[in-house]
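See below for query-v7.csv, which holds CSV, C-alpha atoms and all ligand atoms.
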```csv
chain,number,residue,atom,x,y,z
A,24,MET,CA,0.0,0.0,0.0
A,25,GLN,CA,1.4,3.5,-1.0
A,26,SER,CA,1.9,6.1,1.7
A,27,LEU,CA,-0.4,9.2,1.5
A,28,LEU,CA,1.2,11.8,-0.8
A,29,THR,CA,0.5,15.4,0.0
A,30,GLN,CA,0.5,17.3,-3.3
A,31,PRO,CA,0.6,21.1,-3.2
A,32,VAL,CA,-1.6,22.9,-5.8
A,33,PHE,CA,-1.8,26.6,-6.6
A,34,LEU,CA,-4.9,27.9,-8.4
A,35,LEU,CA,-4.3,30.6,-10.9
A,36,GLY,CA,-7.9,31.9,-11.5
A,37,PHE,CA,-10.7,31.5,-8.9
A,38,GLY,CA,-13.7,32.1,-11.1
A,39,GLY,CA,-16.5,29.6,-12.0
A,40,VAL,CA,-14.2,26.8,-13.0
A,41,GLY,CA,-11.5,27.5,-10.3
A,42,ARG,CA,-14.1,27.6,-7.5
A,43,ALA,CA,-15.8,24.4,-8.8
A,44,LEU,CA,-12.4,22.7,-8.8
A,45,ALA,CA,-11.7,23.8,-5.2
A,46,ARG,CA,-15.1,22.4,-4.1
A,47,GLN,CA,-14.4,19.1,-6.0
A,48,ILE,CA,-11.0,18.8,-4.4
A,49,VAL,CA,-12.7,18.9,-1.0
A,50,ALA,CA,-15.5,16.5,-2.1
A,51,SER,CA,-13.0,14.0,-3.6
A,52,ARG,CA,-10.8,13.7,-0.5
A,53,ASP,CA,-11.9,10.2,0.6
A,54,SER,CA,-11.9,8.7,-2.9
A,55,LEU,CA,-8.5,10.2,-3.8
A,56,ALA,CA,-7.0,8.9,-0.5
A,57,ARG,CA,-8.4,5.4,-1.1
A,58,ARG,CA,-7.8,5.1,-4.8
A,59,ARG,CA,-4.6,7.1,-5.3
A,60,ALA,CA,-3.2,7.6,-1.8
A,61,LEU,CA,-3.3,11.3,-2.6
A,62,ARG,CA,-4.2,14.4,-0.7
A,63,LEU,CA,-4.4,17.7,-2.8
A,64,THR,CA,-3.5,20.7,-0.7
A,65,VAL,CA,-4.4,24.1,-2.1
A,66,ILE,CA,-1.5,26.4,-1.0
A,67,GLY,CA,-2.8,29.5,-2.8
A,68,ALA,CA,-5.2,31.1,-5.3
A,69,ALA,CA,-5.0,34.1,-7.5
A,70,ASP,CA,-7.6,36.3,-9.1
A,71,SER,CA,-7.2,39.3,-11.4
A,72,HIS,CA,-6.5,41.5,-8.3
A,73,GLY,CA,-4.4,39.6,-5.9
A,74,ILE,CA,-3.5,36.4,-4.1
A,75,ALA,CA,-4.6,34.4,-1.1
A,76,HIS,CA,-1.7,32.3,0.2
A,77,ALA,CA,-1.2,29.7,3.0
A,78,ALA,CA,2.2,28.2,2.9
A,79,GLN,CA,1.0,25.0,4.8
A,80,GLY,CA,-2.2,24.8,2.7
A,81,PHE,CA,-5.7,25.9,3.4
A,82,ASP,CA,-7.7,23.4,5.4
A,83,ASP,CA,-11.1,22.6,3.9
A,84,ASP,CA,-13.0,25.1,6.1
A,85,ALA,CA,-10.7,27.9,5.1
A,86,LEU,CA,-11.0,26.9,1.4
A,87,MET,CA,-14.8,27.0,1.6
A,88,ARG,CA,-14.6,30.5,3.2
A,89,LEU,CA,-12.4,31.6,0.3
A,90,ILE,CA,-15.0,30.3,-2.2
A,91,ALA,CA,-17.8,32.1,-0.3
A,92,LEU,CA,-15.7,35.3,-0.2
A,93,LYS,CA,-15.2,35.3,-4.0
A,94,GLU,CA,-18.9,34.4,-4.5
A,95,ARG,CA,-19.8,37.7,-2.7
A,96,GLY,CA,-17.7,39.5,-5.4
A,97,VAL,CA,-14.7,40.3,-3.1
A,98,HIS,CA,-11.3,40.3,-4.7
A,99,PHE,CA,-8.1,38.9,-3.2
A,100,GLU,CA,-5.6,41.4,-1.8
A,101,PRO,CA,-2.7,42.5,-4.1
A,102,ALA,CA,0.4,40.6,-3.2
A,103,ASP,CA,3.6,39.3,-4.8
A,104,LEU,CA,3.6,35.7,-6.0
A,105,PRO,CA,4.9,33.5,-3.3
A,106,GLN,CA,7.8,31.2,-3.8
A,107,LEU,CA,6.1,27.9,-4.7
A,108,PRO,CA,7.5,24.5,-3.7
A,109,ALA,CA,9.4,22.9,-6.7
A,110,ASN,CA,6.8,20.0,-6.9
A,111,CYS,CA,3.8,22.3,-7.0
A,112,ILE,CA,1.0,21.8,-9.6
A,113,VAL,CA,-0.2,25.2,-10.9
A,114,VAL,CA,-3.7,25.1,-12.3
A,115,ASP,CA,-4.6,27.8,-14.9
A,116,THR,CA,-8.3,28.5,-15.0
A,117,THR,CA,-7.9,32.1,-16.2
A,118,ALA,CA,-8.6,33.4,-19.7
A,119,THR,CA,-5.4,35.5,-20.1
A,120,GLU,CA,-1.9,35.1,-21.5
A,121,ALA,CA,-0.6,36.9,-18.4
A,122,THR,CA,-0.2,33.5,-16.8
A,123,VAL,CA,2.4,32.2,-19.3
A,124,PRO,CA,5.6,33.3,-17.3
A,125,MET,CA,4.4,31.5,-14.2
A,126,LEU,CA,3.4,28.4,-16.1
A,127,LEU,CA,6.9,28.3,-17.8
A,128,SER,CA,8.8,29.0,-14.5
A,129,THR,CA,6.8,26.2,-12.8
A,130,LEU,CA,7.7,23.8,-15.5
A,131,ARG,CA,11.4,24.8,-15.3
A,132,ALA,CA,11.4,24.3,-11.6
A,133,GLY,CA,10.2,20.8,-12.0
A,134,GLY,CA,6.5,21.3,-11.2
A,135,GLY,CA,3.4,20.5,-13.2
A,136,VAL,CA,0.8,22.6,-14.9
A,137,ALA,CA,-2.9,21.9,-15.7
A,138,LEU,CA,-4.7,24.3,-18.0
A,139,ALA,CA,-8.3,25.0,-18.8
A,140,ASN,CA,-7.1,28.3,-20.3
A,141,LYS,CA,-6.6,27.9,-24.1
A,142,LEU,CA,-4.6,31.1,-24.6
A,143,PRO,CA,-1.1,29.9,-23.6
A,144,LEU,CA,-1.5,26.9,-25.9
A,145,ALA,CA,-3.0,28.8,-28.8
A,146,GLY,CA,-0.7,31.8,-28.5
A,147,ASP,CA,3.0,32.0,-29.3
A,148,LEU,CA,4.3,28.7,-30.7
A,149,SER,CA,7.3,28.7,-28.3
A,150,TRP,CA,4.8,28.7,-25.4
A,151,PHE,CA,3.0,25.7,-26.9
A,152,ASP,CA,6.3,23.9,-27.4
A,153,ALA,CA,7.5,24.5,-23.9
A,154,ILE,CA,4.2,23.6,-22.2
A,155,SER,CA,3.5,20.5,-24.4
A,156,ALA,CA,7.1,19.2,-23.8
A,157,GLY,CA,6.7,19.6,-20.0
A,158,ARG,CA,4.7,18.0,-17.2
A,159,ALA,CA,1.5,19.5,-18.5
A,160,ARG,CA,-2.1,18.5,-19.1
A,161,TRP,CA,-4.7,20.5,-21.0
A,162,GLU,CA,-7.6,18.1,-21.4
A,163,THR,CA,-10.4,20.7,-20.8
A,164,THR,CA,-9.1,23.2,-23.5
A,165,VAL,CA,-11.0,21.2,-26.1
A,166,GLY,CA,-14.5,19.7,-25.3
A,167,ALA,CA,-14.4,20.3,-21.5
A,168,ALA,CA,-13.9,17.0,-19.7
A,169,MET,CA,-14.4,14.8,-22.8
A,170,PRO,CA,-11.2,12.8,-23.2
A,171,VAL,CA,-10.2,14.5,-26.5
A,172,ILE,CA,-6.6,15.4,-25.7
A,173,GLN,CA,-5.9,12.1,-24.0
A,174,THR,CA,-7.3,10.2,-27.0
A,175,LEU,CA,-5.3,12.2,-29.5
A,176,THR,CA,-2.1,11.8,-27.4
A,177,TYR,CA,-2.8,8.0,-27.2
A,178,LEU,CA,-3.3,7.8,-31.0
A,179,LEU,CA,-0.1,9.7,-31.6
A,180,ASP,CA,1.9,7.7,-29.0
A,181,SER,CA,0.6,4.4,-30.5
A,182,GLY,CA,2.1,5.3,-33.9
A,183,ASP,CA,-1.3,5.7,-35.6
A,184,GLU,CA,-1.3,8.3,-38.4
A,185,VAL,CA,-4.0,10.9,-37.7
A,186,ARG,CA,-5.2,12.1,-41.1
A,187,ARG,CA,-8.1,14.3,-40.3
A,188,ILE,CA,-9.8,15.8,-37.2
A,189,GLU,CA,-13.3,17.1,-37.6
A,190,GLY,CA,-15.4,18.5,-34.9
A,191,SER,CA,-18.2,20.6,-33.6
A,192,LEU,CA,-16.4,22.4,-30.8
A,193,SER,CA,-18.7,25.1,-29.7
A,194,GLY,CA,-22.0,24.4,-28.0
A,195,THR,CA,-23.1,28.0,-28.5
A,196,LEU,CA,-22.5,27.9,-32.3
A,197,GLY,CA,-24.0,24.5,-32.4
A,198,PHE,CA,-27.2,25.9,-30.8
A,199,ILE,CA,-27.3,28.8,-33.2
A,200,ALA,CA,-26.7,26.6,-36.2
A,201,ALA,CA,-29.6,24.3,-35.1
A,202,GLN,CA,-31.9,27.4,-34.8
A,203,LEU,CA,-30.9,28.6,-38.3
A,204,GLU,CA,-31.6,25.2,-39.7
A,205,ALA,CA,-35.1,25.2,-38.1
A,206,GLY,CA,-35.8,28.6,-39.8
A,207,VAL,CA,-35.4,30.8,-36.8
A,208,PRO,CA,-34.1,34.3,-37.8
A,209,PHE,CA,-30.4,34.8,-36.9
A,210,GLY,CA,-31.0,37.8,-34.7
A,211,ASP,CA,-33.7,35.8,-32.6
A,212,ALA,CA,-31.3,32.9,-32.4
A,213,VAL,CA,-28.5,35.1,-31.1
A,214,ARG,CA,-30.7,36.9,-28.5
A,215,ASP,CA,-32.2,33.5,-27.4
A,216,ALA,CA,-28.7,32.0,-26.9
A,217,LYS,CA,-27.6,35.0,-24.9
A,218,GLN,CA,-30.7,34.9,-22.7
A,219,ARG,CA,-30.2,31.2,-22.0
A,220,GLY,CA,-26.7,32.1,-20.8
A,221,TYR,CA,-25.1,30.0,-23.7
A,222,THR,CA,-23.0,33.0,-24.9
A,223,GLU,CA,-20.3,35.1,-23.4
A,224,PRO,CA,-21.7,38.5,-22.1
A,225,ASP,CA,-20.6,39.8,-25.5
A,226,PRO,CA,-22.0,37.2,-28.0
A,227,ARG,CA,-19.6,38.4,-30.6
A,228,GLN,CA,-16.9,36.5,-28.7
A,229,ASP,CA,-18.6,33.3,-29.7
A,230,LEU,CA,-20.0,34.4,-33.1
A,231,GLY,CA,-16.6,35.4,-34.3
A,232,GLY,CA,-15.4,31.8,-34.2
A,233,ARG,CA,-12.1,32.5,-32.5
A,234,ASP,CA,-12.7,30.3,-29.5
A,235,ALA,CA,-13.5,27.4,-31.8
A,236,ALA,CA,-10.5,28.3,-33.9
A,237,ARG,CA,-8.2,28.2,-30.8
A,238,LYS,CA,-9.5,24.7,-30.0
A,239,ALA,CA,-8.8,23.5,-33.5
A,240,LEU,CA,-5.4,25.1,-33.4
A,241,ILE,CA,-4.5,23.3,-30.2
A,242,LEU,CA,-5.4,20.0,-32.0
A,243,ALA,CA,-3.5,21.0,-35.1
A,244,ARG,CA,-0.4,21.9,-33.1
A,245,MET,CA,-0.6,18.5,-31.3
A,246,LEU,CA,-0.4,16.9,-34.8
A,247,GLY,CA,2.8,18.9,-35.4
A,248,TYR,CA,1.3,21.6,-37.7
A,249,ARG,CA,3.4,24.7,-37.1
A,250,LEU,CA,0.4,27.1,-37.3
A,251,ASN,CA,-0.6,30.3,-35.6
A,252,LEU,CA,-4.1,31.6,-34.9
A,253,SER,CA,-3.7,33.9,-38.0
A,254,ASP,CA,-3.2,30.8,-40.2
A,255,VAL,CA,-6.6,29.3,-39.2
A,256,ARG,CA,-9.4,30.1,-41.6
A,257,VAL,CA,-12.2,31.4,-39.4
A,258,GLU,CA,-15.7,32.1,-40.6
A,259,SER,CA,-17.2,34.8,-38.4
A,260,LEU,CA,-21.0,34.9,-38.3
A,261,TYR,CA,-21.0,38.7,-38.3
A,262,PRO,CA,-19.0,41.3,-40.3
A,263,ALA,CA,-15.9,43.0,-38.8
A,264,GLU,CA,-17.6,46.5,-39.0
A,265,MET,CA,-20.0,45.4,-36.2
A,266,ASP,CA,-17.0,45.1,-33.8
A,267,ALA,CA,-17.3,48.9,-33.3
A,268,LEU,CA,-20.8,48.6,-31.8
A,269,THR,CA,-21.7,48.3,-28.1
A,270,VAL,CA,-23.2,45.0,-27.1
A,271,ASP,CA,-26.7,46.5,-26.9
A,272,ALA,CA,-26.3,48.1,-30.4
A,273,PHE,CA,-25.0,44.8,-31.8
A,274,LEU,CA,-28.0,42.9,-30.4
A,275,ARG,CA,-30.4,45.4,-32.0
A,276,GLU,CA,-28.6,45.6,-35.4
A,277,VAL,CA,-27.9,41.8,-35.6
A,278,ASP,CA,-31.3,41.5,-37.4
A,279,GLY,CA,-29.7,43.2,-40.4
A,280,LEU,CA,-27.9,39.8,-40.9
A,281,ASN,CA,-31.1,37.7,-41.0
A,282,ALA,CA,-31.6,37.6,-44.7
A,283,ARG,CA,-27.9,36.8,-45.5
A,284,MET,CA,-27.7,34.1,-42.8
A,285,ALA,CA,-31.1,32.5,-43.8
A,286,GLN,CA,-29.8,32.3,-47.4
A,287,ARG,CA,-26.5,30.8,-46.3
A,288,ALA,CA,-28.3,28.2,-44.2
A,289,ALA,CA,-30.7,27.4,-47.1
A,290,VAL,CA,-27.8,26.7,-49.4
A,291,LEU,CA,-25.8,24.6,-46.9
A,292,THR,CA,-28.8,22.5,-45.8
A,293,ARG,CA,-30.0,21.6,-49.4
A,294,GLY,CA,-31.0,18.0,-49.7
A,295,GLY,CA,-31.6,17.6,-46.0
A,296,ARG,CA,-28.1,18.3,-44.8
A,297,LYS,CA,-27.6,19.4,-41.2
A,298,LEU,CA,-26.1,22.8,-40.4
A,299,ARG,CA,-23.0,22.7,-38.2
A,300,TYR,CA,-20.2,25.1,-37.2
A,301,ALA,CA,-17.4,22.7,-37.8
A,302,ALA,CA,-13.6,22.6,-37.3
A,303,VAL,CA,-11.5,20.7,-39.8
A,304,VAL,CA,-7.8,20.0,-39.3
A,305,GLU,CA,-6.3,18.2,-42.3
A,306,ALA,CA,-3.2,18.2,-44.6
A,307,GLY,CA,-1.4,20.9,-42.7
A,308,GLU,CA,-4.4,23.3,-42.6
A,309,CYS,CA,-7.0,24.3,-40.1
A,310,ARG,CA,-10.4,26.0,-40.6
A,311,VAL,CA,-13.6,26.6,-38.7
A,312,GLU,CA,-16.8,27.4,-40.6
A,313,LEU,CA,-20.5,27.0,-41.1
A,314,THR,CA,-21.1,23.9,-43.1
A,315,GLY,CA,-23.8,21.3,-44.2
A,316,VAL,CA,-23.2,17.7,-43.2
A,317,ASP,CA,-24.9,14.4,-44.0
A,318,PRO,CA,-27.5,13.8,-41.2
A,319,ALA,CA,-26.2,10.2,-41.0
A,320,SER,CA,-22.6,11.3,-40.3
A,321,LYS,CA,-21.1,11.5,-36.8
A,322,LEU,CA,-21.3,15.3,-36.9
A,323,GLY,CA,-24.8,15.2,-38.3
A,324,SER,CA,-26.2,12.9,-35.6
A,325,ILE,CA,-25.2,14.7,-32.4
A,326,ARG,CA,-27.5,17.0,-30.4
A,327,ALA,CA,-26.7,20.5,-31.7
A,328,SER,CA,-25.5,21.9,-28.4
A,329,ASP,CA,-23.2,18.9,-27.7
A,330,SER,CA,-19.6,18.8,-28.9
A,331,ILE,CA,-17.9,16.1,-31.0
A,332,VAL,CA,-14.5,15.4,-32.2
A,333,VAL,CA,-13.9,12.8,-34.9
A,334,PHE,CA,-10.5,11.3,-35.7
A,335,THR,CA,-9.9,9.7,-39.1
A,336,THR,CA,-6.6,7.8,-38.8
A,337,GLN,CA,-4.8,4.9,-40.5
A,338,HIS,CA,-6.5,2.5,-38.1
A,339,TYR,CA,-9.8,4.3,-37.8
A,340,GLN,CA,-10.5,5.0,-41.5
A,341,ASP,CA,-13.8,3.5,-42.5
A,342,ASN,CA,-15.4,4.1,-39.2
A,343,PRO,CA,-13.6,7.1,-37.6
A,344,LEU,CA,-13.2,7.3,-33.9
A,345,ALA,CA,-15.6,9.8,-32.3
A,346,ILE,CA,-15.9,11.3,-28.9
A,347,SER,CA,-19.0,13.3,-28.2
A,348,GLY,CA,-21.0,14.7,-25.3
A,349,ARG,CA,-21.3,17.8,-23.2
A,350,GLY,CA,-18.5,20.0,-24.2
A,351,ALA,CA,-19.0,22.9,-21.8
A,352,GLY,CA,-20.0,23.8,-18.3
A,353,GLN,CA,-18.1,24.9,-15.2
A,354,GLU,CA,-18.7,21.8,-13.1
A,355,VAL,CA,-17.8,19.3,-15.8
A,356,THR,CA,-14.8,21.4,-16.8
A,357,ALA,CA,-13.6,21.5,-13.2
A,358,SER,CA,-13.9,17.7,-13.1
A,359,GLY,CA,-11.7,17.4,-16.1
A,360,VAL,CA,-9.1,19.7,-14.5
A,361,LEU,CA,-9.2,17.6,-11.4
A,362,GLY,CA,-8.5,14.5,-13.5
A,363,ASP,CA,-5.5,16.4,-15.0
A,364,VAL,CA,-4.2,17.3,-11.6
A,365,VAL,CA,-4.5,13.8,-10.3
A,366,SER,CA,-2.8,12.4,-13.4
A,367,LEU,CA,0.1,14.9,-13.0
A,368,ALA,CA,0.4,14.1,-9.3
A,369,ASN,CA,0.7,10.4,-10.2
A,370,GLN,CA,3.3,11.2,-12.8
A,371,MET,CA,5.3,13.3,-10.4
A,372,ARG,CA,5.1,10.9,-7.5
B,1,LIG,N1,-16.9,27.4,-18.4
B,1,LIG,C1,-16.7,26.4,-19.3
B,1,LIG,O1,-17.6,25.7,-19.8
B,1,LIG,C2,-15.3,26.2,-19.8
B,1,LIG,C3,-15.0,25.0,-20.5
B,1,LIG,C4,-13.7,24.7,-20.9
B,1,LIG,C5,-12.7,25.7,-20.7
B,1,LIG,N2,-13.0,26.8,-20.0
B,1,LIG,C6,-12.0,27.8,-19.8
B,1,LIG,O2,-11.7,27.9,-18.4
B,1,LIG,C7,-11.3,29.2,-18.0
B,1,LIG,C8,-12.1,29.7,-16.9
B,1,LIG,O3,-13.4,29.8,-17.2
B,1,LIG,P1,-14.4,30.4,-16.1
B,1,LIG,O4,-15.8,30.2,-16.6
B,1,LIG,O5,-14.1,29.9,-14.7
B,1,LIG,O6,-14.1,32.0,-16.2
B,1,LIG,P2,-14.2,33.1,-15.1
B,1,LIG,O7,-15.4,32.8,-14.2
B,1,LIG,O8,-14.3,34.4,-15.8
B,1,LIG,O9,-12.9,33.0,-14.2
B,1,LIG,C9,-11.7,33.5,-14.6
B,1,LIG,C10,-10.8,33.7,-13.4
B,1,LIG,O10,-9.5,34.2,-13.8
B,1,LIG,C11,-9.1,35.3,-12.9
B,1,LIG,N3,-8.1,36.1,-13.6
B,1,LIG,C12,-8.2,36.9,-14.6
B,1,LIG,N4,-7.0,37.5,-14.9
B,1,LIG,C13,-6.1,36.9,-14.0
B,1,LIG,C14,-4.7,37.0,-13.8
B,1,LIG,N5,-3.9,37.9,-14.6
B,1,LIG,N6,-4.1,36.3,-12.8
B,1,LIG,C15,-4.9,35.5,-12.0
B,1,LIG,N7,-6.2,35.3,-12.2
B,1,LIG,C16,-6.8,36.0,-13.2
B,1,LIG,C17,-10.4,36.0,-12.7
B,1,LIG,O11,-10.3,36.9,-11.6
B,1,LIG,P3,-11.5,37.7,-11.0
B,1,LIG,O12,-12.2,36.8,-10.2
B,1,LIG,O13,-10.8,38.8,-10.3
B,1,LIG,O14,-12.3,38.2,-12.2
B,1,LIG,C18,-11.3,34.8,-12.4
B,1,LIG,O15,-11.2,34.4,-11.1
B,1,LIG,C19,-11.4,30.0,-19.3
B,1,LIG,O16,-10.1,30.1,-20.0
B,1,LIG,C20,-12.4,29.2,-20.2
B,1,LIG,O17,-12.2,29.4,-21.6
B,1,LIG,C21,-14.3,27.1,-19.5
```
Taking this structure as input, can you express it in the form of C-alpha cells?
Amino acid sequence: MQSLLTQPVFLLGFGGVGRALARQIVASRDSLARRRALRLTVIGAADSHGIAHAAQGFDDDALMRLIALKERGVHFEPADLPQLPANCIVVDTTATEATVPMLLSTLRAGGGVALANKLPLAGDLSWFDAISAGRARWETTVGAAMPVIQTLTYLLDSGDEVRRIEGSLSGTLGFIAAQLEAGVPFGDAVRDAKQRGYTEPDPRQDLGGRDAARKALILARMLGYRLNLSDVRVESLYPAEMDALTVDAFLREVDGLNARMAQRAAVLTRGGRKLRYAAVVEAGECRVELTGVDPASKLGSIRASDSIVVFTTQHYQDNPLAISGRGAGQEVTASGVLGDVVSLANQMR
C-alpha cells in the first residue's frame, strides 16, 4: 500500500471553474486517498486583483470560506507571487496570456501545470512547445472534460497516423446553427442563446469563431502543424464592421444579418443536410466554418448543443473514432481539470 502523498496545488484563477475545482478537491478527499493515496492541498489562489496564500495549505473550512468570499464578489488582496515548492502543480483557469511566465517557470522548476485556459497553448508557438514538452495537461481546453486530448495523445503515441480531425467544438455555435436550420431568424437565435446564458456576455466572442479556432489550433499543433491563430481560416458569423458597436447596439442591429444568414443556411442544408459550425484539421491546414453535413454522419447525428471530435486515422478510417458529449459547463470542466491534476500528481510521485 502506498503512503499518502500530499501534493501542493496553486490555483491561478478563482472564477467559475476555479471555485468548482476547489469544491471538487474537498469533495473527492476520501476517494483520492483510497484510490490514489493522494491528498491535494491548495496552498494559494490568485484572481485578477491579488492572491490568497497559505504556505502550509488551506484546510477545507478555510478553502470554503475563500470560495464564499469570491462568490460575494470580493477580490483577493494584491500581493507578490509566493515562492512555490518545486513540486507544485499550478492550475490555470484564467482566460489570459498573463499566466504564461508563471506556467513556464513552474515547469522549469520541476513542477506541473494543468490548463483549462486555451490562450497559452494557442498563442506563441514557443509557449505551446515549452508547455507541451513539460509536465502539463490541458484536457479541458477542447471539449471540456471529454477525453479528446488524452485520446489524441494516445493515438499519436501508439504510432497511428492521424489524417483528419473534424469537430463541432462550440455548444453556442451548435445551438445557433440548429436554430438557423429550423428557420429561426439569426437575430432571434443570437438573443435567445444570450438569454439562456449560452454565450459570453458579448455574444460576438462566440459568433466570431475565434474560440472554436483556438481549440482547432491546439489539436492541429498537437499533430505537429506549425500554425498560428492567424493561419486558421475562421468564418465569423458577423461582419468586422460590427465590432465597433456596443453589445446592446449589436443585439439590435444583428437582425440586419437575418436575410444573409437565412440564405446561407438554405444553401448549406439543401438535400436535408444538417447545419453545423465545424472545425477541420487536415493536410497541414485548419479551418472553422459553417457547413452542411450528412445527417447520418457522426457530426450530423449529435445534439446540436453537444460537442464532438472525430478522428480519421490509419487504423480508424472506414469508421472514424468519435468522442461526443457535453463540451462545456463549469462543473464538468472542473472535473476534467481535477482529473488532469491527479494524473500529474501520479506522474510526479
Ligand atoms: N466554463 C466552461 O464551460 C469552460 C469549458 C472549458 C474551458 N473553459 C476555460 O476555463 C477558463 C475559466 O473559465 P471560467 O468560466 O471559470 O471563467 P471566469 O469565471 O471568468 O474566471 C476567470 C478567473 O480568472 C481570474 N483572472 C483573470 N486574470 C487573471 C490574472 N492575470 N491572474 C490571475 N487570475 C486572473 C479571474 O479573476 P476575477 O475573479 O478577479 O475576475 C477569475 O477568477 C477560461 O479560460 C475558459 O475558456 C471554460
Using only C-alpha atoms and all ligand atoms, which residues have at least one atom no more than 8 Å from ligand LIG 1 (chain B)? Output them as a PDB file with C-alpha atoms, in the coordinates of the input.
```pdb
ATOM      1  CA  LEU A  35      -4.300  30.600 -10.900  1.00  0.00           C
ATOM      2  CA  GLY A  36      -7.900  31.900 -11.500  1.00  0.00           C
ATOM      3  CA  PHE A  37     -10.700  31.500  -8.900  1.00  0.00           C
ATOM      4  CA  GLY A  38     -13.700  32.100 -11.100  1.00  0.00           C
ATOM      5  CA  GLY A  39     -16.500  29.600 -12.000  1.00  0.00           C
ATOM      6  CA  VAL A  40     -14.200  26.800 -13.000  1.00  0.00           C
ATOM      7  CA  GLY A  41     -11.500  27.500 -10.300  1.00  0.00           C
ATOM      8  CA  ARG A  42     -14.100  27.600  -7.500  1.00  0.00           C
ATOM      9  CA  ALA A  69      -5.000  34.100  -7.500  1.00  0.00           C
ATOM     10  CA  ASP A  70      -7.600  36.300  -9.100  1.00  0.00           C
ATOM     11  CA  SER A  71      -7.200  39.300 -11.400  1.00  0.00           C
ATOM     12  CA  HIS A  72      -6.500  41.500  -8.300  1.00  0.00           C
ATOM     13  CA  GLY A  73      -4.400  39.600  -5.900  1.00  0.00           C
ATOM     14  CA  LYS A  93     -15.200  35.300  -4.000  1.00  0.00           C
ATOM     15  CA  GLY A  96     -17.700  39.500  -5.400  1.00  0.00           C
ATOM     16  CA  HIS A  98     -11.300  40.300  -4.700  1.00  0.00           C
ATOM     17  CA  PHE A  99      -8.100  38.900  -3.200  1.00  0.00           C
ATOM     18  CA  ASP A 115      -4.600  27.800 -14.900  1.00  0.00           C
ATOM     19  CA  THR A 116      -8.300  28.500 -15.000  1.00  0.00           C
ATOM     20  CA  THR A 117      -7.900  32.100 -16.200  1.00  0.00           C
ATOM     21  CA  ALA A 118      -8.600  33.400 -19.700  1.00  0.00           C
ATOM     22  CA  THR A 119      -5.400  35.500 -20.100  1.00  0.00           C
ATOM     23  CA  GLU A 120      -1.900  35.100 -21.500  1.00  0.00           C
ATOM     24  CA  ALA A 121      -0.600  36.900 -18.400  1.00  0.00           C
ATOM     25  CA  THR A 122      -0.200  33.500 -16.800  1.00  0.00           C
ATOM     26  CA  LEU A 138      -4.700  24.300 -18.000  1.00  0.00           C
ATOM     27  CA  ALA A 139      -8.300  25.000 -18.800  1.00  0.00           C
ATOM     28  CA  ASN A 140      -7.100  28.300 -20.300  1.00  0.00           C
ATOM     29  CA  LYS A 141      -6.600  27.900 -24.100  1.00  0.00           C
ATOM     30  CA  LEU A 142      -4.600  31.100 -24.600  1.00  0.00           C
ATOM     31  CA  THR A 163     -10.400  20.700 -20.800  1.00  0.00           C
ATOM     32  CA  THR A 164      -9.100  23.200 -23.500  1.00  0.00           C
ATOM     33  CA  VAL A 165     -11.000  21.200 -26.100  1.00  0.00           C
ATOM     34  CA  GLY A 166     -14.500  19.700 -25.300  1.00  0.00           C
ATOM     35  CA  ALA A 167     -14.400  20.300 -21.500  1.00  0.00           C
ATOM     36  CA  ALA A 168     -13.900  17.000 -19.700  1.00  0.00           C
ATOM     37  CA  ASP A 234     -12.700  30.300 -29.500  1.00  0.00           C
ATOM     38  CA  GLY A 350     -18.500  20.000 -24.200  1.00  0.00           C
ATOM     39  CA  ALA A 351     -19.000  22.900 -21.800  1.00  0.00           C
ATOM     40  CA  GLY A 352     -20.000  23.800 -18.300  1.00  0.00           C
ATOM     41  CA  GLN A 353     -18.100  24.900 -15.200  1.00  0.00           C
ATOM     42  CA  GLU A 354     -18.700  21.800 -13.100  1.00  0.00           C
ATOM     43  CA  VAL A 355     -17.800  19.300 -15.800  1.00  0.00           C
ATOM     44  CA  THR A 356     -14.800  21.400 -16.800  1.00  0.00           C
TER      45      THR A 356
END
```
Let me make sure I understand: among A:Val65, A:Ala145, A:Ile199, A:Ala319, which one has the smallest atom-to-atom distance to Asp254 of chain A if we use all atoms listed in the file?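 Smallest distance to Asp254 of chain A is found for A:Ala145.
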Find the residues near segment 56-61 of chain A: any atom within 8 Å, counting only C-alpha atoms, skip ones fewer than 4 places away on the same chain, and give them as a PDB file with C-alpha atoms, keeping the file's coordinate frame.
```
ATOM      1  CA  GLN A  25       1.400   3.500  -1.000  1.00  0.00           C
ATOM      2  CA  SER A  26       1.900   6.100   1.700  1.00  0.00           C
ATOM      3  CA  LEU A  27      -0.400   9.200   1.500  1.00  0.00           C
ATOM      4  CA  LEU A  28       1.200  11.800  -0.800  1.00  0.00           C
ATOM      5  CA  THR A  29       0.500  15.400   0.000  1.00  0.00           C
ATOM      6  CA  GLN A  30       0.500  17.300  -3.300  1.00  0.00           C
ATOM      7  CA  ARG A  52     -10.800  13.700  -0.500  1.00  0.00           C
ATOM      8  CA  ASN A 369       0.700  10.400 -10.200  1.00  0.00           C
TER       9      ASN A 369
END
```
With only C-alpha atoms as the basis for distance, which of A:Ala50, A:Leu242, A:Ala78, A:Val277 is at the shortest distance from Leu192 of chain A? A:Leu242
Residues near Val49 of chain A, cut-off 12 Å, all atoms listed in the file, skip fewer than 5 positions along chain, as a PyMOL selection string: chain A and resi 42-44+54-56+62-65+81-87+90+361
Which residue is closest to Arg158 of chain A? Choose from A:Ala137, A:Ala285, A:Leu313, A:Ala200 and count all atoms listed in the file. A:Ala137
Between atom CA of Ala201 of chain A and atom CA of Ala263 of chain A, what distance in Å does the model show, to one decimal?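 So the answer is 23.5 Å.
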Top pick for closest residue to Ala288 of chain A, considering A:Thr129, A:Thr176, A:Thr314, A:Ser328 and counting all atoms listed in the file: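 The closest residue to Ala288 of chain A is A:Thr314.
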Give the answer as one residue: which of A:Ser191, A:Ala243, A:Asp341, A:Ala235 has the shortest atom-to-atom distance to Leu322 of chain A, using all atoms listed in the file?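 For Leu322 of chain A, the nearest of the candidates is A:Ser191.
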Restricting the calculation to all atoms listed in the file, which member of A:Phe151, A:Asn342, A:Phe198, A:Phe334 is positioned closest to Thr222 of chain A? A:Phe198
To one decimal in Å, tell me the separation between atom CA of Gly220 of chain A and atom CA of Thr195 of chain A.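 About the pair atom CA of Gly220 of chain A and atom CA of Thr195 of chain A: they are 9.4 Å apart.
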